[in-house]
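Q: Please find one structure pasted underneath; my questions will follow.
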Amino acid sequence: MCGIVGAVAQRDVAPILVEGLKRLEYRGYDSAGLAVIDRQGVMGCLRRIGKVRELEDALGEKPVQGGTGIAHTRWATHGEPSERNAHPHTSDDISVVHNGIIENHEELREQLQDLGYIFASDTDTEVIAHLVHHERKTSTTLLEALQKTVVQLTGAYGTVVIDRREPDHMVVARSGSPLVIGYGIGEHYVASDQLALLPVTRRFQYLEEGDVAEITCGKVEVYDRNGALVQHEIIDSDLDHEAGDKGSYRHYMLKEIFEQPEAIANTLEGRLTEAHVAVESFGHNAREIFSKVEAIQLIACGTSYNAGMVARNWFEDMGIPCRVEIASEFRYRKAFVAENSLFVTISQSGETADTLASLRLAKDEQGFIHTLSICNVPGSSMVRESDMAFMTRAGAEIGVASTKAFTTQLVSLLMLVVAIGRCKNRLSESDEATIVAELRELPGVIRDVLQQKEAITELSEDFADKHHSLFLGRGTMYPIAMEGALKLKEISYIHAEAYAAGELKHGPLALIDSDMPVVVVAPNNELLEKLKSNMEEVRARGGQLYVFSDPRAMLVAGEGIKVITLTEVSDLLAPIVYTVPLQLLSYDVALIKGTDVDQPRNLAKSVTVE
Ligand code: F6R
């Protein structure tokens, strides 16, 4: 959601903070701000509504400089997007940035008001600033004041605090919202995502739940929730320094769509042998665990949930029972847990609040035999808290609309299905060899599909003046229709709904007229004839069809039907391949409509609040 950057150095940190914010802007972009303390203990604070470039412009006019600083890009939860609600929030000498939600902020606000504190914003964060200020009066150090503060907070926080009177350090705390410490030479940093710090370091230490830390130029000291000094592993990031750049592409989303062949090749790299999926790539004891697994529970949100919906079909085709559920529903009901079930979270970020809460529930209270995270961010909370982790290796995904993260999730899930299928003897050796051979072909097939960009751009012109649309599919293509509809609505703001095509006549058919484009994902498979009947139902009512299909399906363009013909692929790979033209369609429609493709309104990447 929001993004945090902090730095302590012998030089001016404002440029480090601004560059970091730009790299985190995809996480929240309704306002941004920073606070910097110079050696004389003068604190400069600047906040602006809107994007980071507004803050940068303001800095150009009114520079603030100093060796210790914190910065934040916001996605509003408590209090409208405005300058007064932008972070940092200050309480006299104390300045604070915060990600997450303080659930007991109203109660704390009242207590602090009784103590004479005056609130300048509508945010929950401001209570942290005043509480630290209050606790600082009776603490020997700023760290102690923060420790006394966090025990009073209910909710989620990743927070960084600086004090004008102690300009040589910052203190940080993490619970429910990630923070990573970056190690430089004679300077140290903190951020909510390592991406922010890649221009200055590649060495990182992730904080664990309940940790607090004190960071100066010369040292980093981390304490766990019991106050014991701890040292977590310092990792070398393998993220590309250029990961945050658009290159020659107009938008991150387009770049990420076109990166899919390479991203998928990376997902497969080293995990396929001649004719097998290497089961050990899921963990050293994966073979033993997978042999015992009798059912699968997939949990995810949004696009990642759609990936889970596809995988359910794959698992059950192999005779392995599989449930898939939206995390925000799962965590609040008494779900039935089948014996010997494997709990699998699917998440690009590894930080989505509801998915993470479901994982914790699965571990602490439900009888799952093991937990596995399919994730794109090494070191993320889900990866660290799951028994096993399988990285999707899509590379940094900056566009808010998930593209390469989704297709690499599908590839990862397909490998999981194969690995479990083989361990349980539900898949023959020769069928495994066929799937492995198809997976190897996949990057090339996606490259072919990307060649259709121009034809899809032409199609997109028909959508630009529409307000509603339907997406239809059957079997594994129904979740792909869901994904297509989600992409279109989130970046073009055209209302888009997906239906399993057989459901059409149970209600949605009433919506069909010439103003309702109907997108159909129709590869040649055993459900094609049924789907063709559904298409006829639309055409007979004056609806306009936009069909993605292959040569074997023999669908011909004509009155009321436009067809994009893709390369022929197996049923298994079709969901992955047919995702790509739908991504391109959404992108092109959004481009014509002039929306903010990479940072659509009201949304943010990585939803770390409930
Ligand atoms: C849509 C999109 C979201 C995410 C969802 C879950 O394009 O990106 O629907 O898929 O917020 O996020 P992760 O996968 O990070 O758990």
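The way I read the labels, and the way they are meant: chains A, B, ... in the order of the structure tokens, residue 1 as the first residue of every chain, and ligand 1 as the first ligand shown, with later ones counted on from there.
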When the cut-off is 7 Å and you count only C-alpha atoms and all ligand atoms, which residues lie near ligand 1, shown as an MDAnalysis selection string?
A: chainID A and resid 300:304 346:352 355 400:403 486:487 605:607
Q: Excluding same-chain residues fewer than 4 positions from A:Met482, what lies within 7 Å of it counting only C-alpha atoms, as a list in words?
A: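 The residues satisfying every condition are Asn306, Tyr478, Leu486 and Ala498 of chain A.
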Q: Keeping only N, CA, C and O atoms, take the residues you just selected and write them out as a short mmCIF file (atom, residue, chain, number, x, y, z; two decimals), in the first residue's frame.
A:
```
data_model
loop_
_atom_site.label_atom_id
_atom_site.label_comp_id
_atom_site.auth_asym_id
_atom_site.auth_seq_id
_atom_site.Cartn_x
_atom_site.Cartn_y
_atom_site.Cartn_z
N ASN A 306 -7.48 -15.65 -9.23
CA ASN A 306 -7.81 -16.19 -10.56
C ASN A 306 -6.83 -17.29 -10.98
O ASN A 306 -7.23 -18.28 -11.60
N TYR A 478 -12.66 -20.01 -17.97
CA TYR A 478 -13.54 -19.13 -17.20
C TYR A 478 -12.71 -18.22 -16.27
O TYR A 478 -12.88 -16.98 -16.29
N LEU A 486 -11.13 -8.37 -14.90
CA LEU A 486 -10.48 -7.62 -13.82
C LEU A 486 -9.49 -6.60 -14.38
O LEU A 486 -9.45 -5.44 -13.96
N ALA A 498 -17.23 -11.10 -15.62
CA ALA A 498 -16.94 -12.39 -16.27
C ALA A 498 -17.99 -13.41 -15.86
O ALA A 498 -18.45 -13.42 -14.71
#
```
Q: Name the residues of stretch 310-378 of chain A that come out as alpha helix (DSSP H) in a backbone DSSP run; write them as a ChimeraX atom specification.
A: /A:310-317,327-330,353-364
Q: Could you pull the residues within 10 Å of A:Glu144, counting only C-alpha atoms, minus those fewer than 6 positions along the same chain, as number ranges by chain?
A: A: 132, 135-136, 138, 171, 212, 227
Q: Please dump the current selection as a PDB file, in the first residue's frame; keep C-alpha atoms.
A:
```pdb
ATOM      1  CA  VAL A 132       6.409   8.499  20.988  1.00  0.00           C
ATOM      2  CA  GLU A 135       6.860   8.271  26.049  1.00  0.00           C
ATOM      3  CA  ARG A 136      10.124  10.038  25.170  1.00  0.00           C
ATOM      4  CA  THR A 138      10.179   9.268  30.545  1.00  0.00           C
ATOM      5  CA  VAL A 171      14.357   3.976  15.085  1.00  0.00           C
ATOM      6  CA  VAL A 212      12.372  -2.817  16.699  1.00  0.00           C
ATOM      7  CA  GLY A 227      13.844  -6.964  23.856  1.00  0.00           C
TER       8      GLY A 227
END
```
Q: May I ask which of the residues A:Thr476, A:Thr141, A:Asn104, A:Asn376 is the closest one to A:Arg312, counting only C-alpha atoms?
A: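 Among the listed residues, A:Thr476 lies closest to A:Arg312.
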Q: Quick one: residues within 6 Å of stretch 321-323 of chain A, only C-alpha atoms, excluding same-chain residues fewer than 2 positions away - as a PDB file with N, CA, C and O atoms, in the first residue's frame?
A:
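Contents of the output file part.pdb:
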```pdb
ATOM      1  N   ALA A 295      -5.220 -33.496  -0.294  1.00  0.00           N
ATOM      2  CA  ALA A 295      -6.082 -32.411  -0.796  1.00  0.00           C
ATOM      3  C   ALA A 295      -5.309 -31.101  -0.739  1.00  0.00           C
ATOM      4  O   ALA A 295      -4.336 -30.979   0.010  1.00  0.00           O
ATOM      5  N   ILE A 296      -5.777 -30.153  -1.558  1.00  0.00           N
ATOM      6  CA  ILE A 296      -5.086 -28.857  -1.638  1.00  0.00           C
ATOM      7  C   ILE A 296      -6.065 -27.747  -1.279  1.00  0.00           C
ATOM      8  O   ILE A 296      -7.223 -27.758  -1.715  1.00  0.00           O
ATOM      9  N   GLN A 297      -5.601 -26.787  -0.498  1.00  0.00           N
ATOM     10  CA  GLN A 297      -6.377 -25.566  -0.246  1.00  0.00           C
ATOM     11  C   GLN A 297      -5.587 -24.387  -0.783  1.00  0.00           C
ATOM     12  O   GLN A 297      -4.491 -24.088  -0.292  1.00  0.00           O
ATOM     13  N   ARG A 312      -7.135 -25.099  -9.715  1.00  0.00           N
ATOM     14  CA  ARG A 312      -8.107 -26.063  -9.180  1.00  0.00           C
ATOM     15  C   ARG A 312      -8.504 -27.069 -10.262  1.00  0.00           C
ATOM     16  O   ARG A 312      -8.583 -28.274 -10.026  1.00  0.00           O
ATOM     17  N   GLU A 316      -7.814 -31.081 -10.000  1.00  0.00           N
ATOM     18  CA  GLU A 316      -8.926 -32.026  -9.955  1.00  0.00           C
ATOM     19  C   GLU A 316      -8.957 -32.908 -11.205  1.00  0.00           C
ATOM     20  O   GLU A 316      -9.390 -34.052 -11.148  1.00  0.00           O
TER      21      GLU A 316
END
```
Q: DSSP on the backbone: what in stretch 493-551 of chain A comes out strand (DSSP E or B), as a PyMOL selection string?
A: chain A and resi 495-500+517-522+544-549
Q: Export, as a compact mmCIF listing (two decimals), in the first residue's frame, the selected residues with N, CA, C and O atoms.
A:
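New file again.txt:
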```txt
# COMPACT_ATOMS: atom_id res chain seq x y z
N HIS A 495 -16.81 -0.96 -16.74
CA HIS A 495 -17.37 -2.04 -15.95
C HIS A 495 -17.28 -3.35 -16.74
O HIS A 495 -17.78 -3.43 -17.86
N ALA A 496 -16.64 -4.34 -16.18
CA ALA A 496 -16.45 -5.61 -16.88
C ALA A 496 -16.80 -6.75 -15.94
O ALA A 496 -16.35 -6.77 -14.79
N GLU A 497 -17.61 -7.68 -16.43
CA GLU A 497 -17.98 -8.82 -15.61
C GLU A 497 -17.67 -10.09 -16.35
O GLU A 497 -17.85 -10.16 -17.57
N ALA A 498 -17.23 -11.10 -15.62
CA ALA A 498 -16.94 -12.39 -16.27
C ALA A 498 -17.99 -13.41 -15.86
O ALA A 498 -18.45 -13.42 -14.71
N TYR A 499 -18.38 -14.22 -16.82
CA TYR A 499 -19.32 -15.32 -16.53
C TYR A 499 -18.81 -16.61 -17.12
O TYR A 499 -18.20 -16.61 -18.21
N ALA A 500 -19.07 -17.69 -16.42
CA ALA A 500 -18.94 -19.00 -17.04
C ALA A 500 -20.02 -19.00 -18.12
O ALA A 500 -21.20 -18.73 -17.82
N PRO A 517 -20.10 -4.94 -25.43
CA PRO A 517 -19.16 -5.86 -26.06
C PRO A 517 -19.00 -7.13 -25.23
O PRO A 517 -18.97 -7.07 -23.99
N VAL A 518 -18.93 -8.26 -25.92
CA VAL A 518 -18.79 -9.54 -25.22
C VAL A 518 -17.50 -10.20 -25.69
O VAL A 518 -17.34 -10.55 -26.87
N VAL A 519 -16.55 -10.33 -24.76
CA VAL A 519 -15.26 -10.93 -25.09
C VAL A 519 -15.33 -12.42 -24.75
O VAL A 519 -15.79 -12.79 -23.67
N VAL A 520 -14.90 -13.24 -25.70
CA VAL A 520 -14.99 -14.69 -25.46
C VAL A 520 -13.60 -15.31 -25.63
O VAL A 520 -12.92 -15.05 -26.62
N VAL A 521 -13.20 -16.13 -24.66
CA VAL A 521 -11.93 -16.86 -24.81
C VAL A 521 -12.27 -18.26 -25.25
O VAL A 521 -12.84 -19.04 -24.49
N ALA A 522 -11.93 -18.56 -26.50
CA ALA A 522 -12.48 -19.76 -27.14
C ALA A 522 -11.44 -20.59 -27.88
O ALA A 522 -11.51 -20.75 -29.09
N GLN A 544 -22.27 -7.79 -29.76
CA GLN A 544 -21.04 -7.81 -30.58
C GLN A 544 -20.01 -8.69 -29.88
O GLN A 544 -19.66 -8.45 -28.72
N LEU A 545 -19.53 -9.71 -30.60
CA LEU A 545 -18.57 -10.65 -30.01
C LEU A 545 -17.14 -10.30 -30.40
O LEU A 545 -16.88 -9.96 -31.57
N TYR A 546 -16.24 -10.43 -29.45
CA TYR A 546 -14.79 -10.28 -29.69
C TYR A 546 -14.15 -11.57 -29.21
O TYR A 546 -14.07 -11.81 -28.00
N VAL A 547 -13.76 -12.39 -30.17
CA VAL A 547 -13.40 -13.77 -29.81
C VAL A 547 -11.89 -13.99 -29.97
O VAL A 547 -11.32 -13.65 -31.01
N PHE A 548 -11.28 -14.59 -28.95
CA PHE A 548 -9.87 -15.01 -29.03
C PHE A 548 -9.88 -16.52 -29.20
O PHE A 548 -10.42 -17.24 -28.35
N SER A 549 -9.32 -16.96 -30.31
CA SER A 549 -9.48 -18.38 -30.64
C SER A 549 -8.25 -18.89 -31.38
O SER A 549 -7.23 -18.21 -31.45
```
Q: Counting only C-alpha atoms, what is within 9 Å of A:Leu372, bar same-chain residues fewer than 4 positions away, as a list in words?
A: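 My reading of the contact set: Phe282, Leu342, Phe343, Val344, Thr345, Ile346, Met382, Val383, Ser386, Asp387, Met388, Ala389 and Phe390 of chain A.
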Q: Would you mind exporting the chosen residues as a JSON list (two decimals), in the first residue's frame, restricted to N, CA, C and O atoms?
A:
```json
[["chain", "number", "residue", "atom", "x", "y", "z"],
["A", 282, "PHE", "N", 10.66, -27.36, -4.84],
["A", 282, "PHE", "CA", 9.66, -26.85, -3.88],
["A", 282, "PHE", "C", 10.18, -26.95, -2.44],
["A", 282, "PHE", "O", 9.54, -26.52, -1.51],
["A", 342, "LEU", "N", -2.72, -29.73, 2.01],
["A", 342, "LEU", "CA", -1.61, -28.78, 1.86],
["A", 342, "LEU", "C", -2.22, -27.39, 1.68],
["A", 342, "LEU", "O", -3.11, -27.19, 0.84],
["A", 343, "PHE", "N", -1.73, -26.45, 2.46],
["A", 343, "PHE", "CA", -2.24, -25.07, 2.39],
["A", 343, "PHE", "C", -1.30, -24.24, 1.51],
["A", 343, "PHE", "O", -0.12, -24.13, 1.81],
["A", 344, "VAL", "N", -1.85, -23.69, 0.43],
["A", 344, "VAL", "CA", -0.99, -22.96, -0.52],
["A", 344, "VAL", "C", -1.48, -21.51, -0.66],
["A", 344, "VAL", "O", -2.64, -21.28, -1.02],
["A", 345, "THR", "N", -0.61, -20.55, -0.36],
["A", 345, "THR", "CA", -0.96, -19.16, -0.64],
["A", 345, "THR", "C", -0.34, -18.78, -1.99],
["A", 345, "THR", "O", 0.78, -19.20, -2.31],
["A", 346, "ILE", "N", -1.08, -17.98, -2.74],
["A", 346, "ILE", "CA", -0.58, -17.47, -4.02],
["A", 346, "ILE", "C", -0.58, -15.95, -3.90],
["A", 346, "ILE", "O", -1.62, -15.35, -3.62],
["A", 382, "MET", "N", 5.08, -13.84, 3.61],
["A", 382, "MET", "CA", 4.54, -15.18, 3.32],
["A", 382, "MET", "C", 5.65, -16.19, 3.08],
["A", 382, "MET", "O", 5.58, -17.33, 3.52],
["A", 383, "VAL", "N", 6.68, -15.76, 2.37],
["A", 383, "VAL", "CA", 7.79, -16.67, 2.08],
["A", 383, "VAL", "C", 8.46, -17.09, 3.38],
["A", 383, "VAL", "O", 8.76, -18.26, 3.60],
["A", 386, "SER", "N", 6.00, -19.42, 5.62],
["A", 386, "SER", "CA", 5.50, -20.70, 5.10],
["A", 386, "SER", "C", 6.56, -21.78, 5.28],
["A", 386, "SER", "O", 7.75, -21.49, 5.28],
["A", 387, "ASP", "N", 6.09, -23.03, 5.39],
["A", 387, "ASP", "CA", 7.06, -24.13, 5.52],
["A", 387, "ASP", "C", 7.89, -24.25, 4.25],
["A", 387, "ASP", "O", 9.07, -24.55, 4.29],
["A", 388, "MET", "N", 7.23, -24.06, 3.11],
["A", 388, "MET", "CA", 7.93, -24.17, 1.82],
["A", 388, "MET", "C", 7.60, -22.94, 0.99],
["A", 388, "MET", "O", 6.52, -22.37, 1.13],
["A", 389, "ALA", "N", 8.52, -22.57, 0.12],
["A", 389, "ALA", "CA", 8.24, -21.42, -0.76],
["A", 389, "ALA", "C", 8.73, -21.73, -2.16],
["A", 389, "ALA", "O", 9.77, -22.39, -2.34],
["A", 390, "PHE", "N", 7.98, -21.29, -3.13],
["A", 390, "PHE", "CA", 8.37, -21.46, -4.53],
["A", 390, "PHE", "C", 8.28, -20.09, -5.17],
["A", 390, "PHE", "O", 7.20, -19.50, -5.26]]
```
Q: Of the candidates A:Asp193, A:Glu610, A:Asp462, A:Asp571, which shows the shortest atom-to-atom distance to A:Gly6, using only C-alpha atoms?
A: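 When distances to A:Gly6 are compared using only C-alpha atoms, the smallest one comes from A:Asp193.
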Q: Within 8 Å of A:Gln194, counting only C-alpha atoms, which residues show up once you throw out same-chain ones fewer than 3 positions away? Write them as a count of residues only, please.
A: 6
Q: Excluding stretch 431-446 of chain A and its own-chain neighbours fewer than 3 positions away, which residues fall within 7 Å of it when counting only C-alpha atoms? Please give them as a PyMOL selection string.
A: chain A and resi 261-262+264-265+275-277+418+427-428+449-450+577
Q: Could you state the separation of atom CA of A:Lys404 and atom CA of A:Glu274 in Å, given to one decimal place?
A: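 Atom-to-atom, atom CA of A:Lys404 and atom CA of A:Glu274 are spaced 25.4 Å apart.
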Q: If I take atom CA of A:Ser82 and atom CA of A:Thr123, how far is one from the other in Å, to one decimal?
A: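 Here the two named atoms are 10.6 Å from each other.
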